[in-house]
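Data first, discussion second: the structure below is written as structure tokens.
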Amino acid sequence: MAKVLPSSKPWAIGLSTEYTSCWMYKAKSEGLEGNIRYLGAMPRNKLLEILTKAMVFIFQVMEGGGIAVVEVMVSGLQVVAWNPPVLRNYLKEFPNYFSLKRES
């Protein structure tokens, strides 16, 4: 996104996992480390404050219930995420949800 929209400043929020260092390395190798801020885990009130400033919410987790996706969609924010089977029937009702398809 930062190559297409140079003034964009994506923020990554959440607990650090083994994937965090992978995408951070990729961002650095592409010269984009200055465009992405990793905020780590944060209290819910701070998270809600940040979400009110966001234009889109990208949910990277492919497993689990994806309750964060539903919480964000209810706020009206645009959401891009994998299509978790547990929520598939509910998500199709939201016009602000864009599903990513897994490649086989």
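Ligands are numbered from 1 in the order shown, residues from 1 within each chain, and chains are lettered A, B, ... in the order they appear in the structure tokens.
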
- Message: Give me the residues near A:Asn96 as a ChimeraX atom specification, where near means some atom within 9 Å (using only C-alpha atoms) and where sequence neighbours in that chain fewer than 3 positions away do not count.
- Response: /A:73,76-80

- Query: Using only C-alpha atoms, which residues sit within 9 Å of A:Gly34 once same-chain residues fewer than 4 positions away are excluded, as a ChimeraX atom specification?
  - Reply: /A:9,27-28

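Counting only C-alpha atoms, the residue from A:Gln60, A:Ser29, A:Thr52, A:Asn35 that sits nearest to A:Ser7 is A:Asn35.
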
- Item | Point-to-point distance from atom CA of A:Glu71 to atom CA of A:Leu51, Å rounded to tenths |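 Atom CA of A:Glu71 sits 10.8 Å away from atom CA of A:Leu51.
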
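DSSP, applied to the backbone of this structure, assigns strand (DSSP E or B) to the following residues of stretch 2-76 of chain A: Trp11, Ala12, Ile13, Arg37, Tyr38, Leu39, Gly40, Val56, Phe57, Ile58 and Phe59 of chain A.
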
Just to be explicit: take each residue in the selection above, keep C-alpha atoms, and write the result as a compact mmCIF listing (two decimals), in the first residue's frame.
# COMPACT_ATOMS: atom_id res chain seq x y z
CA TRP A 11 -0.38 0.58 11.74
CA ALA A 12 -0.01 -3.01 12.90
CA ILE A 13 -1.67 -3.78 16.21
CA ARG A 37 4.22 1.44 12.66
CA TYR A 38 4.02 -1.63 14.86
CA LEU A 39 2.07 -0.61 17.96
CA GLY A 40 1.98 -4.02 19.66
CA VAL A 56 -9.72 0.36 6.66
CA PHE A 57 -9.15 -2.61 8.98
CA ILE A 58 -7.12 -5.53 7.62
CA PHE A 59 -7.41 -8.69 9.66

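Separating atom CA of A:Val70 from atom CA of A:Tyr19 is a distance of 23.1 Å.
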
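Note that atom CA of A:Ala41 and atom CA of A:Leu15 are 5.0 Å apart.
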